[in-house]
Amino acid sequence: MSDDNVLYDSPTEFLHEVAEKSGRCVAQSVIPLDDGSYVCACSCERWEVIAPSRADGLRLARAHTGSLP
């Protein structure tokens, strides 16, 4: 992604950026599962966990990238 605000990048631009930087922590996902938990993963392909809540998943993703306050 460019240095511009991510909100202005299209989904296609975002996905191209992630693909170009394969193996790096560029994008994380927190996806709900049928049992109410969330699978959390990173574009680096070296991190994937199950979280009990969306909030926990987001916290774990921030911890993974070192972006916790």
# chains A, B, ... in the order shown; residues from 1 in each chain; ligands from 1
>>> select_by_dssp(residues="chain A", states="strand (DSSP E or B)", output="MDAnalysis selection string")
chainID A and resid 28:32 38:42 48:51
>>> select_by_dssp(residues="chain A", states="alpha helix (DSSP H)", output="list in words")
Pro11, Thr12, Glu13, Phe14, Leu15, His16, Glu17, Val18, Ala19, Glu20, Arg54, Ala55, Asp56, Gly57, Leu58, Arg59, Leu60, Ala61, Arg62, Ala63, His64 and Thr65 of chain A
>>> residues_around(residues="Leu58 in chain A", least_positions_apart="3", cutoff="12 Å", atoms="only C-alpha atoms", output="PyMOL selection string")
chain A and resi 27-32+38-42+49-55+61-65+67-68
>>> atom_distance(atom1="CA of Arg46 in chain A", atom2="CA of Asp9 in chain A")
25.5 Å
>>> atom_distance(atom1="CA of Ala19 in chain A", atom2="CA of Cys44 in chain A")
10.4 Å
>>> closest_residue(among="A:Asp35, A:Pro69, A:Leu60, A:Trp47", to="Gly23 in chain A", atoms="only C-alpha atoms")
A:Trp47
